[in-house]
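Participant: See work22.txt below, with compact mmCIF, C-alpha atoms.
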# COMPACT_ATOMS: atom_id res chain seq x y z
CA MET A 459 -73.93 -110.04 92.45
CA LYS A 460 -70.71 -111.15 94.11
CA PHE A 461 -69.59 -109.38 97.28
CA ALA A 462 -66.10 -109.21 98.77
CA PHE A 463 -64.83 -107.52 101.92
CA SER A 464 -61.62 -105.52 102.24
CA THR A 465 -59.05 -106.55 104.82
CA ASN A 466 -58.24 -102.91 105.59
CA ALA A 467 -60.93 -103.13 108.28
CA PHE A 468 -58.87 -105.94 109.85
CA ARG A 469 -55.64 -104.01 110.39
CA ASN A 470 -55.49 -105.30 113.97
CA PHE A 471 -55.63 -108.93 112.80
CA PRO A 472 -53.32 -111.20 110.81
CA PHE A 473 -54.47 -112.03 107.30
CA SER A 474 -55.42 -115.60 108.20
CA ASP A 475 -57.87 -114.38 110.86
CA ALA A 476 -59.28 -111.76 108.50
CA ALA A 477 -59.85 -114.35 105.76
CA ALA A 478 -61.63 -116.70 108.15
CA ALA A 479 -63.88 -113.91 109.43
CA VAL A 480 -64.75 -112.68 105.92
CA SER A 481 -65.62 -116.20 104.82
CA ASN A 482 -67.67 -116.92 107.94
CA ALA A 483 -69.61 -113.70 107.35
CA GLY A 484 -70.76 -115.14 104.02
CA TYR A 485 -68.53 -113.41 101.48
CA THR A 486 -67.02 -115.30 98.55
CA GLY A 487 -64.33 -112.72 97.82
CA ILE A 488 -61.72 -110.73 99.69
CA GLU A 489 -59.73 -107.61 98.85
CA ILE A 490 -56.18 -107.83 100.17
CA MET A 491 -54.58 -104.71 101.65
CA CYS A 492 -51.03 -104.35 100.31
CA ASP A 493 -49.83 -102.78 103.53
CA THR A 494 -48.84 -103.88 107.00
CA PRO A 495 -49.81 -106.22 108.55
CA HIS A 496 -51.28 -108.12 105.61
CA ALA A 497 -49.31 -107.91 102.37
CA PHE A 498 -46.87 -105.03 102.11
CA PRO A 499 -44.61 -106.29 99.29
CA GLY A 500 -41.38 -104.99 100.80
CA GLN A 501 -41.96 -106.96 103.99
CA LEU A 502 -43.68 -110.08 102.66
CA PRO A 503 -41.47 -113.18 102.61
CA ALA A 504 -42.06 -116.12 100.29
CA THR A 505 -43.71 -117.92 103.19
CA GLY A 506 -46.12 -114.98 103.50
CA ILE A 507 -47.32 -115.48 99.94
CA ARG A 508 -47.72 -119.19 100.61
CA ASP A 509 -49.71 -118.48 103.77
CA ILE A 510 -52.04 -116.09 101.91
CA ARG A 511 -52.70 -118.72 99.27
CA GLU A 512 -53.39 -121.32 101.93
CA SER A 513 -55.79 -119.02 103.79
CA LEU A 514 -57.67 -118.28 100.57
CA LYS A 515 -57.95 -121.98 99.81
CA GLN A 516 -59.04 -122.97 103.31
CA ASN A 517 -61.72 -120.28 103.39
CA HIS A 518 -62.92 -120.72 99.78
CA LEU A 519 -62.24 -117.10 98.93
CA ALA A 520 -61.36 -115.50 95.61
CA ILE A 521 -59.35 -112.27 95.43
CA SER A 522 -61.50 -109.35 94.34
CA ASN A 523 -58.65 -106.83 94.11
CA LEU A 524 -55.33 -105.87 95.66
CA ASN A 525 -55.63 -102.56 97.50
CA ALA A 526 -52.38 -100.78 96.60
CA PHE A 527 -53.57 -97.40 97.85
CA MET A 528 -52.47 -96.93 101.45
CA MET A 529 -48.80 -97.06 102.48
CA CYS A 530 -48.78 -96.89 106.27
CA ALA A 531 -45.70 -99.15 106.21
CA VAL A 532 -43.85 -96.10 104.85
CA GLN A 533 -45.90 -93.10 106.02
CA ASP A 534 -49.72 -93.02 105.87
CA PHE A 535 -52.84 -93.56 103.74
CA HIS A 536 -51.80 -91.01 101.08
CA HIS A 537 -48.02 -90.66 101.27
CA PRO A 538 -45.79 -91.20 99.49
CA SER A 539 -48.04 -90.24 96.59
CA TRP A 540 -47.56 -90.20 92.83
CA ILE A 541 -47.10 -86.42 92.90
CA GLU A 542 -44.69 -85.74 95.76
CA LYS A 543 -42.39 -82.78 95.15
CA ASP A 544 -39.43 -84.91 96.17
CA GLU A 545 -38.65 -87.23 93.26
CA ALA A 546 -36.98 -89.86 95.46
CA PHE A 547 -40.04 -90.01 97.71
CA ARG A 548 -42.26 -90.24 94.63
CA GLN A 549 -40.17 -93.15 93.38
CA ILE A 550 -41.09 -95.14 96.49
CA ARG A 551 -44.73 -95.07 95.32
CA ILE A 552 -43.74 -96.14 91.82
CA GLN A 553 -41.61 -99.05 93.06
CA TYR A 554 -44.33 -100.08 95.51
CA THR A 555 -46.85 -100.20 92.66
CA LEU A 556 -44.49 -102.32 90.55
CA ASP A 557 -44.12 -104.68 93.50
CA CYS A 558 -47.90 -104.85 93.93
CA ILE A 559 -48.28 -105.73 90.25
CA ASP A 560 -45.82 -108.59 90.74
CA LEU A 561 -47.65 -109.72 93.87
CA ALA A 562 -50.99 -109.67 92.06
CA ALA A 563 -49.53 -111.91 89.37
CA GLU A 564 -48.16 -114.32 91.99
CA LEU A 565 -51.49 -114.53 93.79
CA GLY A 566 -53.62 -114.75 90.67
CA ALA A 567 -55.35 -111.39 91.18
CA LYS A 568 -56.43 -109.42 88.12
CA THR A 569 -56.42 -105.84 89.42
CA ILE A 570 -54.73 -103.46 91.81
CA SER A 571 -56.26 -100.13 92.88
CA THR A 572 -54.22 -97.00 93.48
CA GLU A 573 -54.69 -93.40 94.56
CA PRO A 574 -55.62 -90.78 91.94
CA GLY A 575 -52.34 -88.92 92.09
CA GLY A 576 -52.51 -87.90 95.75
CA PRO A 577 -53.04 -84.71 97.73
CA LEU A 578 -51.95 -81.67 95.71
CA PRO A 579 -48.69 -80.44 97.28
CA ASP A 580 -48.47 -76.80 98.37
CA GLY A 581 -47.16 -74.66 95.54
CA MET A 582 -47.76 -77.25 92.81
CA ASP A 583 -50.32 -76.36 90.14
CA ARG A 584 -52.83 -78.91 88.94
CA GLU A 585 -51.44 -79.16 85.41
CA THR A 586 -47.99 -80.02 86.71
CA ALA A 587 -49.43 -82.59 89.12
CA LEU A 588 -51.41 -84.29 86.36
CA SER A 589 -48.30 -84.46 84.20
CA ILE A 590 -46.25 -86.01 87.01
CA PHE A 591 -49.01 -88.54 87.71
CA SER A 592 -49.13 -89.47 84.02
CA GLU A 593 -45.39 -90.06 83.91
CA GLY A 594 -45.58 -92.24 87.01
CA LEU A 595 -48.29 -94.40 85.49
CA LYS A 596 -46.30 -94.75 82.30
CA ALA A 597 -43.45 -96.16 84.40
CA VAL A 598 -45.61 -99.01 85.74
CA LEU A 599 -47.98 -99.84 82.88
CA PRO A 600 -45.45 -101.88 80.85
CA ARG A 601 -45.03 -104.19 83.86
CA ALA A 602 -48.81 -104.38 84.27
CA GLU A 603 -49.22 -105.33 80.62
CA ASP A 604 -46.47 -107.93 80.85
CA LYS A 605 -48.06 -109.51 83.93
CA GLY A 606 -51.66 -109.22 82.73
CA ILE A 607 -52.70 -106.94 85.62
CA ARG A 608 -54.96 -103.89 85.44
CA VAL A 609 -54.00 -100.77 87.41
CA LEU A 610 -57.16 -99.04 88.60
CA ILE A 611 -57.30 -95.37 89.50
CA GLU A 612 -59.62 -94.63 92.44
CA PRO A 613 -60.91 -91.02 92.50
CA GLU A 614 -61.20 -89.67 96.04
CA PRO A 615 -62.31 -86.41 97.69
CA ASP A 616 -59.51 -83.88 98.26
CA LEU A 617 -57.04 -85.75 96.04
CA LEU A 618 -55.89 -84.84 92.54
CA ILE A 619 -58.78 -86.56 90.74
CA GLN A 620 -62.12 -86.37 92.57
CA THR A 621 -65.03 -86.26 90.11
CA SER A 622 -66.19 -88.35 87.19
CA ASP A 623 -65.44 -85.53 84.75
CA GLU A 624 -61.91 -85.10 86.14
CA TYR A 625 -61.32 -88.82 85.70
CA LEU A 626 -62.60 -88.83 82.10
CA SER A 627 -60.55 -85.75 81.27
CA PHE A 628 -57.40 -87.39 82.63
CA MET A 629 -58.08 -90.60 80.75
CA GLU A 630 -58.25 -88.76 77.43
CA GLY A 631 -54.46 -88.95 77.50
CA PHE A 632 -54.44 -92.73 77.88
CA THR A 633 -55.59 -95.59 75.72
CA HIS A 634 -53.70 -98.29 77.61
CA PRO A 635 -55.71 -101.51 78.04
CA ASN A 636 -54.21 -102.14 81.49
CA LEU A 637 -55.39 -98.86 82.99
CA GLY A 638 -58.92 -98.49 84.33
CA LEU A 639 -61.16 -97.37 87.17
CA ASN A 640 -61.85 -98.58 90.68
CA LEU A 641 -65.23 -96.94 91.24
CA ASP A 642 -65.69 -96.11 94.91
CA VAL A 643 -69.39 -95.39 95.28
CA GLY A 644 -69.06 -93.29 98.42
CA HIS A 645 -66.29 -91.11 97.04
CA PHE A 646 -68.46 -89.83 94.21
CA TYR A 647 -71.31 -89.16 96.65
CA CYS A 648 -68.91 -87.08 98.76
CA VAL A 649 -68.16 -84.75 95.85
CA GLY A 650 -71.83 -84.13 95.08
CA GLU A 651 -72.47 -86.68 92.37
CA ASP A 652 -75.22 -89.30 92.14
CA PRO A 653 -73.41 -92.65 92.38
CA ALA A 654 -76.17 -94.52 90.54
CA GLN A 655 -75.73 -92.21 87.55
CA VAL A 656 -71.92 -92.22 87.76
CA ILE A 657 -71.93 -96.02 87.60
CA LEU A 658 -73.70 -95.87 84.24
CA LYS A 659 -71.56 -92.97 83.03
CA LEU A 660 -68.27 -94.75 83.79
CA LYS A 661 -69.29 -98.34 83.06
CA ASP A 662 -66.84 -98.72 80.18
CA HIS A 663 -63.92 -97.82 82.47
CA THR A 664 -64.89 -99.67 85.65
CA ARG A 665 -63.10 -102.91 86.48
CA HIS A 666 -63.89 -103.08 90.22
CA TYR A 667 -66.16 -101.41 92.78
CA HIS A 668 -65.74 -100.23 96.36
CA LEU A 669 -68.97 -99.91 98.28
CA GLU A 670 -69.79 -98.16 101.55
CA ASP A 671 -72.29 -95.60 102.77
CA ILE A 672 -71.51 -91.96 103.55
CA PRO A 673 -73.28 -89.61 106.02
CA LYS A 674 -76.02 -87.48 104.51
CA ASN A 675 -73.88 -84.36 104.88
CA ARG A 676 -71.44 -86.02 102.39
CA GLU A 677 -68.56 -85.99 104.87
CA HIS A 678 -65.88 -88.41 103.68
CA ARG A 679 -66.45 -91.08 106.29
CA HIS A 680 -67.07 -94.73 105.40
CA ILE A 681 -70.06 -96.12 107.31
CA LEU A 682 -72.23 -99.21 107.13
CA PRO A 683 -74.51 -99.53 104.07
CA GLY A 684 -77.97 -98.26 104.94
CA HIS A 685 -76.74 -95.89 107.66
CA GLY A 686 -76.06 -92.87 105.42
CA GLY A 687 -77.44 -90.91 102.51
CA ILE A 688 -76.67 -93.13 99.53
CA ASP A 689 -79.52 -94.86 97.71
CA MET A 690 -77.99 -98.32 98.00
CA THR A 691 -80.78 -100.09 96.13
CA GLY A 692 -80.38 -97.66 93.24
CA VAL A 693 -76.61 -98.17 93.27
CA LEU A 694 -76.88 -101.96 93.20
CA HIS A 695 -79.44 -101.87 90.42
CA SER A 696 -77.20 -99.57 88.37
CA ILE A 697 -74.31 -102.01 88.77
CA GLU A 698 -76.58 -104.81 87.61
CA LYS A 699 -77.63 -102.76 84.56
CA THR A 700 -74.01 -102.46 83.42
CA GLY A 701 -73.65 -106.23 83.19
CA TYR A 702 -70.65 -106.17 85.53
CA GLU A 703 -69.72 -109.70 86.61
CA GLY A 704 -66.83 -109.07 89.00
CA PHE A 705 -66.78 -108.47 92.74
CA VAL A 706 -68.21 -105.50 94.57
CA THR A 707 -65.93 -104.99 97.58
CA VAL A 708 -67.34 -103.57 100.79
CA GLU A 709 -64.74 -101.17 102.22
CA LEU A 710 -65.25 -100.26 105.87
CA TYR A 711 -61.73 -99.50 107.07
CA PRO A 712 -62.82 -97.27 110.01
CA TYR A 713 -64.40 -100.27 111.77
CA LEU A 714 -61.17 -101.45 113.37
CA ASP A 715 -62.84 -102.14 116.72
CA ALA A 716 -65.57 -104.38 115.28
CA PRO A 717 -64.69 -105.53 111.75
CA VAL A 718 -66.44 -108.90 112.06
CA LYS A 719 -69.74 -107.31 113.06
CA ALA A 720 -69.37 -104.68 110.32
CA ALA A 721 -68.75 -107.34 107.68
CA GLU A 722 -71.74 -109.38 108.80
CA GLU A 723 -74.16 -106.46 109.04
CA ALA A 724 -73.10 -105.03 105.68
CA LEU A 725 -73.73 -108.27 103.81
CA ILE A 726 -77.11 -108.84 105.46
CA TYR A 727 -78.18 -105.35 104.43
CA LEU A 728 -76.91 -105.65 100.86
CA LYS A 729 -78.63 -108.98 100.29
CA ARG A 730 -81.90 -107.50 101.54
CA ALA A 731 -81.43 -104.48 99.28
CA LEU A 732 -81.16 -106.86 96.36
CA GLY A 733 -84.19 -108.80 97.52
CA HIS A 734 -82.14 -111.87 98.49
CA ASP A 735 -83.27 -112.32 102.11
What would you get if you wrote out this structure as structure tokens?
Facilitator:
Amino acid sequence: MKFAFSTNAFRNFPFSDAAAAVSNAGYTGIEIMCDTPHAFPGQLPATGIRDIRESLKQNHLAISNLNAFMMCAVQDFHHPSWIEKDEAFRQIRIQYTLDCIDLAAELGAKTISTEPGGPLPDGMDRETALSIFSEGLKAVLPRAEDKGIRVLIEPEPDLLIQTSDEYLSFMEGFTHPNLGLNLDVGHFYCVGEDPAQVILKLKDHTRHYHLEDIPKNREHRHILPGHGGIDMTGVLHSIEKTGYEGFVTVELYPYLDAPVKAAEEALIYLKRALGHD
């Protein structure tokens, strides 16, 4: 199993330092945060792309995924979303996603992950929100197909699409080959599902994984693997059963004060869970 680490835990570091730390911790892959200070497309000069490529080469890292979810360069983790009431604000998310698709193609990445619609705005019914989200995706999928990039929806607690059934229901309206799932293990645990079973249930949709532990009370808080309530060994074995050959990205964005230690401890634990001491 191949493990990557997401740079969203290194928001206080430049990308070059994050890449070096991830490599030194023993990972062979890295997920790049498409936000400040690492790779927000609207603020990334040509030299920035060159520098990312050079850092990847120097540290022998492959890109696991581009994280096109959070937009703190504009507002915050969830806004602007796909389902903002204000159409102009919504368009910022759409253009950002188009830019991330282009960036993925330039860097040689295969996937970008995005939010599952966003927080449901006050006064907007679910059916309307799902329709708006669908239209937004339809605006970016032709570019994704042209560039050979997959756009991956990432269900999350308290956003428009949270559960495995909600995801499958939404996907009944799509047959596009460039649309798939970023399966965040902890998110499904938060909403009361068994991640090991969800992995098998959604295996035909999944093109990338996020992995973290969650407290036993299922509070949406990313913590180190082995420190919460998720059966990590069962999760890893389920991923193996699916035949998945891509990267599993460890996502520990709350560990801003000690990202290097978090990256190191997570990988040690995961290798032991797999029996690879």
Participant: Using all atoms listed in the file, find each residue in region 569-615 of chain A having at least one atom no more than 12 Å away from region 485-493 of chain A; report its shortest atom-to-atom pair and that distance in Å (one decimal), rows by chain then rising number, as JSON lines.
Facilitator:
{"residue": "A:Thr569", "atom": "CA", "partner": "A:Glu489", "partner_atom": "CA", "distance": 10.1}
{"residue": "A:Ile570", "atom": "CA", "partner": "A:Cys492", "partner_atom": "CA", "distance": 9.3}
{"residue": "A:Ser571", "atom": "CA", "partner": "A:Cys492", "partner_atom": "CA", "distance": 10.0}
{"residue": "A:Thr572", "atom": "CA", "partner": "A:Cys492", "partner_atom": "CA", "distance": 10.5}
Participant: Using all atoms listed in the file, which residues of region 463-540 of chain A come within 9 Å of region 660-681 of chain A, and what is the closest atom pair for each, with the distance in Å to one decimal? Give it as CSV, sorted by chain and residue number.
Facilitator:
residue,atom,partner,partner_atom,distance
A:Ser464,CA,A:His668,CA,8.9
A:Ser522,CA,A:His666,CA,7.9
A:Asn523,CA,A:His666,CA,7.5
Participant: Measuring between all atoms listed in the file, which one of A:Asn466, A:Thr700, A:Thr494, A:Ser513 shows the shortest distance to Val532 (chain A)?
Facilitator: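 With all atoms listed in the file as the atom set, the closest residue is A:Thr494.
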Participant: Which of these, A:Leu610, A:Cys558, A:Ala462, A:Ile541, has the shortest distance to Ile590 (chain A) once you count only C-alpha atoms?
Facilitator: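 With only C-alpha atoms as the atom set, the closest residue is A:Ile541.
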Participant: Suppose you want the space between CA of Leu556 (chain A) and CA of Arg601 (chain A); what is it in Å?
Facilitator: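 These atoms are spaced 7.0 Å apart.
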Participant: Mind checking which residues fall within 7 Å of region 688-697 of chain A, counting all atoms listed in the file, ignoring those fewer than 6 positions away in the same chain, and posting them as a ChimeraX atom specification?
Facilitator: /A:653-654,657-658,671-672,731-732
Participant: Might you pull out every residue within 8 Å of Leu578 (chain A), with all atoms listed in the file counted and same-chain residues fewer than 2 positions away left off, and present them as a PDB file with C-alpha atoms, in the frame of the given file?
Facilitator:
ATOM      1  CA  ILE A 541     -47.100 -86.420  92.900  1.00  0.00           C
ATOM      2  CA  GLY A 576     -52.510 -87.900  95.750  1.00  0.00           C
ATOM      3  CA  ASP A 580     -48.470 -76.800  98.370  1.00  0.00           C
ATOM      4  CA  MET A 582     -47.760 -77.250  92.810  1.00  0.00           C
ATOM      5  CA  ASP A 583     -50.320 -76.360  90.140  1.00  0.00           C
ATOM      6  CA  ARG A 584     -52.830 -78.910  88.940  1.00  0.00           C
ATOM      7  CA  ALA A 587     -49.430 -82.590  89.120  1.00  0.00           C
ATOM      8  CA  LEU A 617     -57.040 -85.750  96.040  1.00  0.00           C
ATOM      9  CA  LEU A 618     -55.890 -84.840  92.540  1.00  0.00           C
TER      10      LEU A 618
END
Participant: Could you please give me, as a PDB file with C-alpha atoms, in the frame of the given file, the residues of protein, DNA or RNA lying at most 12 Å from (-64.4, -105.2, 116.8) in the coordinate frame of the file, considering only C-alpha atoms?
Facilitator:
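Output file point_22.pdb is given in full below:
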ATOM      1  CA  ALA A 467     -60.930-103.130 108.280  1.00  0.00           C
ATOM      2  CA  PHE A 468     -58.870-105.940 109.850  1.00  0.00           C
ATOM      3  CA  ARG A 469     -55.640-104.010 110.390  1.00  0.00           C
ATOM      4  CA  ASN A 470     -55.490-105.300 113.970  1.00  0.00           C
ATOM      5  CA  PHE A 471     -55.630-108.930 112.800  1.00  0.00           C
ATOM      6  CA  ALA A 476     -59.280-111.760 108.500  1.00  0.00           C
ATOM      7  CA  ALA A 479     -63.880-113.910 109.430  1.00  0.00           C
ATOM      8  CA  TYR A 711     -61.730 -99.500 107.070  1.00  0.00           C
ATOM      9  CA  PRO A 712     -62.820 -97.270 110.010  1.00  0.00           C
ATOM     10  CA  TYR A 713     -64.400-100.270 111.770  1.00  0.00           C
ATOM     11  CA  LEU A 714     -61.170-101.450 113.370  1.00  0.00           C
ATOM     12  CA  ASP A 715     -62.840-102.140 116.720  1.00  0.00           C
ATOM     13  CA  ALA A 716     -65.570-104.380 115.280  1.00  0.00           C
ATOM     14  CA  PRO A 717     -64.690-105.530 111.750  1.00  0.00           C
ATOM     15  CA  VAL A 718     -66.440-108.900 112.060  1.00  0.00           C
ATOM     16  CA  LYS A 719     -69.740-107.310 113.060  1.00  0.00           C
ATOM     17  CA  ALA A 720     -69.370-104.680 110.320  1.00  0.00           C
ATOM     18  CA  ALA A 721     -68.750-107.340 107.680  1.00  0.00           C
ATOM     19  CA  GLU A 722     -71.740-109.380 108.800  1.00  0.00           C
TER      20      GLU A 722
END
Participant: Just how far from CA of Gly594 (chain A) is CA of Gln553 (chain A), in Å to one decimal?
Facilitator: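 So the two atoms, CA of Gln553 (chain A) and CA of Gly594 (chain A), lie 9.9 Å apart.
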Participant: Nearest residue to Ile507 (chain A) out of A:Gly566, A:Gly575, A:Pro635, A:Gly733, using only C-alpha atoms?
Facilitator: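 For Ile507 (chain A), the nearest of the candidates is A:Gly566.
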Participant: Between CA of Gly686 (chain A) and CA of Tyr647 (chain A), measure the distance and give it in Å to one decimal.
Facilitator: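 Those two atoms sit 10.6 Å apart.
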Participant: What are the centre and edge lengths in Å, to one decimal, of the axis-aligned box around all listed atoms of region 595-612 of chain A with 5 Å added on each side, as AutoDock Vina command-line options?
Facilitator:
--center_x -51.5 --center_y -102.0 --center_z 86.5 --size_x 26.2 --size_y 25.1 --size_z 21.8
Participant: Have a look at A:Ser539, A:Gln655, A:Gln516, A:Ser592 and name the one nearest to Met629 (chain A); count all atoms listed in the file.
Facilitator: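 Going through A:Ser539, A:Gln655, A:Gln516, A:Ser592 one by one, the smallest distance to Met629 (chain A) is for A:Ser592.
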Participant: Taking only C-alpha atoms into account, which of A:Gln620, A:Gln533, A:Ser481, A:Ser474 comes nearest Gly506 (chain A)?
Facilitator: A:Ser474
Participant: Would you please work out which residue, of A:Ala562, A:Leu514, A:Ile611, A:Leu637, is nearest to Lys596 (chain A) when using only C-alpha atoms?
Facilitator: A:Leu637
Participant: I want to know what sits within 12 Å of Arg730 (chain A), based on only C-alpha atoms, with residues of the same chain fewer than 4 positions away left out; could you give that as a list in words?
Facilitator: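 So the residues in contact are Pro683, Gly684, Met690, Thr691, Leu694, Glu723, Ala724, Leu725, Ile726, His734 and Asp735 of chain A.
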Participant: Pull the neighbourhood of (-50.8, -101.7, 77.3) for me: all residues within 7 Å in file coordinates, counting all atoms listed in the file, as a count of residues only.
Facilitator: 6
Participant: Please complete region 703-728 of chain A with N, CA and C atoms and give it back as a PDB file, in the coordinates of the input.
Facilitator:
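Okay, rebuild29.pdb is ready:
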ATOM      1  N   GLU A 703     -69.698-108.345  86.059  1.00  0.00           N
ATOM      2  CA  GLU A 703     -69.720-109.700  86.610  1.00  0.00           C
ATOM      3  C   GLU A 703     -68.654-109.934  87.674  1.00  0.00           C
ATOM      4  N   GLY A 704     -67.875-108.903  87.998  1.00  0.00           N
ATOM      5  CA  GLY A 704     -66.830-109.070  89.000  1.00  0.00           C
ATOM      6  C   GLY A 704     -67.354-108.855  90.412  1.00  0.00           C
ATOM      7  N   PHE A 705     -66.418-108.682  91.340  1.00  0.00           N
ATOM      8  CA  PHE A 705     -66.780-108.470  92.740  1.00  0.00           C
ATOM      9  C   PHE A 705     -67.056-107.005  93.033  1.00  0.00           C
ATOM     10  N   VAL A 706     -67.989-106.789  93.943  1.00  0.00           N
ATOM     11  CA  VAL A 706     -68.210-105.500  94.570  1.00  0.00           C
ATOM     12  C   VAL A 706     -67.643-105.626  95.987  1.00  0.00           C
ATOM     13  N   THR A 707     -66.598-104.864  96.292  1.00  0.00           N
ATOM     14  CA  THR A 707     -65.930-104.990  97.580  1.00  0.00           C
ATOM     15  C   THR A 707     -66.436-103.963  98.579  1.00  0.00           C
ATOM     16  N   VAL A 708     -66.906-104.442  99.705  1.00  0.00           N
ATOM     17  CA  VAL A 708     -67.340-103.570 100.790  1.00  0.00           C
ATOM     18  C   VAL A 708     -66.079-103.074 101.511  1.00  0.00           C
ATOM     19  N   GLU A 709     -65.939-101.743 101.619  1.00  0.00           N
ATOM     20  CA  GLU A 709     -64.740-101.170 102.220  1.00  0.00           C
ATOM     21  C   GLU A 709     -65.115-100.335 103.445  1.00  0.00           C
ATOM     22  N   LEU A 710     -64.871-100.899 104.609  1.00  0.00           N
ATOM     23  CA  LEU A 710     -65.250-100.260 105.870  1.00  0.00           C
ATOM     24  C   LEU A 710     -64.050-100.154 106.807  1.00  0.00           C
ATOM     25  N   TYR A 711     -62.985 -99.538 106.311  1.00  0.00           N
ATOM     26  CA  TYR A 711     -61.730 -99.500 107.070  1.00  0.00           C
ATOM     27  C   TYR A 711     -61.805 -98.786 108.418  1.00  0.00           C
ATOM     28  N   PRO A 712     -62.793 -97.887 108.681  1.00  0.00           N
ATOM     29  CA  PRO A 712     -62.820 -97.270 110.010  1.00  0.00           C
ATOM     30  C   PRO A 712     -63.275 -98.215 111.128  1.00  0.00           C
ATOM     31  N   TYR A 713     -63.813 -99.393 110.770  1.00  0.00           N
ATOM     32  CA  TYR A 713     -64.400-100.270 111.770  1.00  0.00           C
ATOM     33  C   TYR A 713     -63.369-101.214 112.391  1.00  0.00           C
ATOM     34  N   LEU A 714     -62.253-100.648 112.824  1.00  0.00           N
ATOM     35  CA  LEU A 714     -61.170-101.450 113.370  1.00  0.00           C
ATOM     36  C   LEU A 714     -61.557-102.157 114.665  1.00  0.00           C
ATOM     37  N   ASP A 715     -62.471-101.559 115.426  1.00  0.00           N
ATOM     38  CA  ASP A 715     -62.840-102.140 116.720  1.00  0.00           C
ATOM     39  C   ASP A 715     -63.851-103.264 116.590  1.00  0.00           C
ATOM     40  N   ALA A 716     -64.545-103.336 115.458  1.00  0.00           N
ATOM     41  CA  ALA A 716     -65.570-104.380 115.280  1.00  0.00           C
ATOM     42  C   ALA A 716     -65.705-104.768 113.812  1.00  0.00           C
ATOM     43  N   PRO A 717     -64.617-105.209 113.182  1.00  0.00           N
ATOM     44  CA  PRO A 717     -64.690-105.530 111.750  1.00  0.00           C
ATOM     45  C   PRO A 717     -65.573-106.727 111.428  1.00  0.00           C
ATOM     46  N   VAL A 718     -65.621-107.708 112.317  1.00  0.00           N
ATOM     47  CA  VAL A 718     -66.440-108.900 112.060  1.00  0.00           C
ATOM     48  C   VAL A 718     -67.914-108.508 112.025  1.00  0.00           C
ATOM     49  N   LYS A 719     -68.339-107.757 113.015  1.00  0.00           N
ATOM     50  CA  LYS A 719     -69.740-107.310 113.060  1.00  0.00           C
ATOM     51  C   LYS A 719     -70.073-106.437 111.858  1.00  0.00           C
ATOM     52  N   ALA A 720     -69.149-105.552 111.475  1.00  0.00           N
ATOM     53  CA  ALA A 720     -69.370-104.680 110.320  1.00  0.00           C
ATOM     54  C   ALA A 720     -69.538-105.502 109.047  1.00  0.00           C
ATOM     55  N   ALA A 721     -68.673-106.491 108.865  1.00  0.00           N
ATOM     56  CA  ALA A 721     -68.750-107.340 107.680  1.00  0.00           C
ATOM     57  C   ALA A 721     -70.077-108.079 107.625  1.00  0.00           C
ATOM     58  N   GLU A 722     -70.481-108.620 108.752  1.00  0.00           N
ATOM     59  CA  GLU A 722     -71.740-109.380 108.800  1.00  0.00           C
ATOM     60  C   GLU A 722     -72.940-108.492 108.526  1.00  0.00           C
ATOM     61  N   GLU A 723     -73.010-107.346 109.195  1.00  0.00           N
ATOM     62  CA  GLU A 723     -74.160-106.460 109.040  1.00  0.00           C
ATOM     63  C   GLU A 723     -74.254-105.901 107.633  1.00  0.00           C
ATOM     64  N   ALA A 724     -73.102-105.583 107.038  1.00  0.00           N
ATOM     65  CA  ALA A 724     -73.100-105.030 105.680  1.00  0.00           C
ATOM     66  C   ALA A 724     -73.674-106.032 104.684  1.00  0.00           C
ATOM     67  N   LEU A 725     -73.265-107.281 104.778  1.00  0.00           N
ATOM     68  CA  LEU A 725     -73.730-108.270 103.810  1.00  0.00           C
ATOM     69  C   LEU A 725     -75.213-108.569 103.990  1.00  0.00           C
ATOM     70  N   ILE A 726     -75.674-108.632 105.222  1.00  0.00           N
ATOM     71  CA  ILE A 726     -77.110-108.840 105.460  1.00  0.00           C
ATOM     72  C   ILE A 726     -77.913-107.725 104.806  1.00  0.00           C
ATOM     73  N   TYR A 727     -77.465-106.489 105.007  1.00  0.00           N
ATOM     74  CA  TYR A 727     -78.180-105.350 104.430  1.00  0.00           C
ATOM     75  C   TYR A 727     -78.178-105.399 102.902  1.00  0.00           C
ATOM     76  N   LEU A 728     -77.026-105.668 102.322  1.00  0.00           N
ATOM     77  CA  LEU A 728     -76.910-105.650 100.860  1.00  0.00           C
ATOM     78  C   LEU A 728     -77.754-106.739 100.216  1.00  0.00           C
TER      79      LEU A 728
END
